[in-house]
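Take a look at the structure below.
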Amino acid sequence: MSRKVKRLIEDDQTRIYVSAASAWEISTKVRLGKLKWASDESVESYCLSQRFDLLPITFADAERAGSWPQDHGDPFDRMLAAQGENVGILIATNDPKIRIFGVKTVW
């Protein structure tokens, strides 16, 4: 995580959203053995304990994510980009490929 993103997360004035797509991706990677979840808490419980806002996936998000050309095939990134656009929030990522969607990012 970049210093800039870390500072934003640590700033009490910053509202942090965690997408349901992130919980889905984390759970999938844990199941596949690509990620170890060290907490006894669920992803949801952990996010709530950190005072992060949970961002559900809406029909509008799904339609937007599905409507973009196939230039970027990762369904999780497509959903995060759609939510960033629909909600009007920055996406914290160091993946330059997500910028093809025209969403605002920070890293």
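Each chain of the structure tokens is named A, B, ... in the order shown, its residues numbered from 1; ligands are numbered from 1 in display order.
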Can you pull out every residue within 12 Å of Thr93 in chain A, counting only C-alpha atoms, but drop anything in the same chain fewer than 2 positions away, and send it as a list in words?
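Result of the neighbour search: Met1, Ser2, Lys4, Val5, Lys6, Asp77, Leu80, Ala81, Gly84, Leu90, Ile91, Asp95, Pro96, Lys97, Ile98, Arg99, Val103, Lys104, Thr105, Val106 and Trp107 of chain A.
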Which of chain A end up as helix (DSSP H, G or I) when DSSP is run on this backbone - answer as a ChimeraX atom specification?
/A:3-10,20-31,43-49,59-67,75-87,96-101
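If you look at CA of Arg7 in chain A and CA of Phe101 in chain A, they are 25.5 Å away from each other.
For the atom pair formed by CA of Ile100 in chain A and CA of Phe59 in chain A, the distance is 21.7 Å, given to one decimal.
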Between CA of Thr58 in chain A and CA of Asn86 in chain A lies a distance of 9.8 Å
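The set of residues in chain A assigned to strand (DSSP E or B) by DSSP, using only backbone atoms of this structure, is A:Tyr17, A:Val18, A:Ser19, A:Asp53, A:Leu54, A:Leu55, A:Ile91, A:Ala92, A:Thr105, A:Val106.
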Using only C-alpha atoms, which of A:Leu35, A:Met79, A:Val30, A:Ala20 sits nearest Leu54 in chain A?
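Of the candidates, the smallest distance to Leu54 in chain A is held by A:Ala20.
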All residues 9 Å or closer to Ala21 in chain A, only C-alpha atoms, same chain fewer than 4 positions away omitted, as a PyMOL selection string:
chain A and resi 25-26+55-57+75-77+79-80
Kindly indicate which residue among A:His72, A:Cys47, A:Phe52, A:Asn94 lies nearest to Arg15 in chain A, using only C-alpha atoms for the distances.
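Residue with the minimum atom-to-atom distance to Arg15 in chain A: A:Phe52.
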Find, counting only C-alpha atoms, the residue in A:Asp53, A:Asp40, A:Glu85, A:Asp71 that gets nearest to Ser19 in chain A.
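Between A:Asp53, A:Asp40, A:Glu85, A:Asp71, the residue approaching Ser19 in chain A most closely is A:Asp53.
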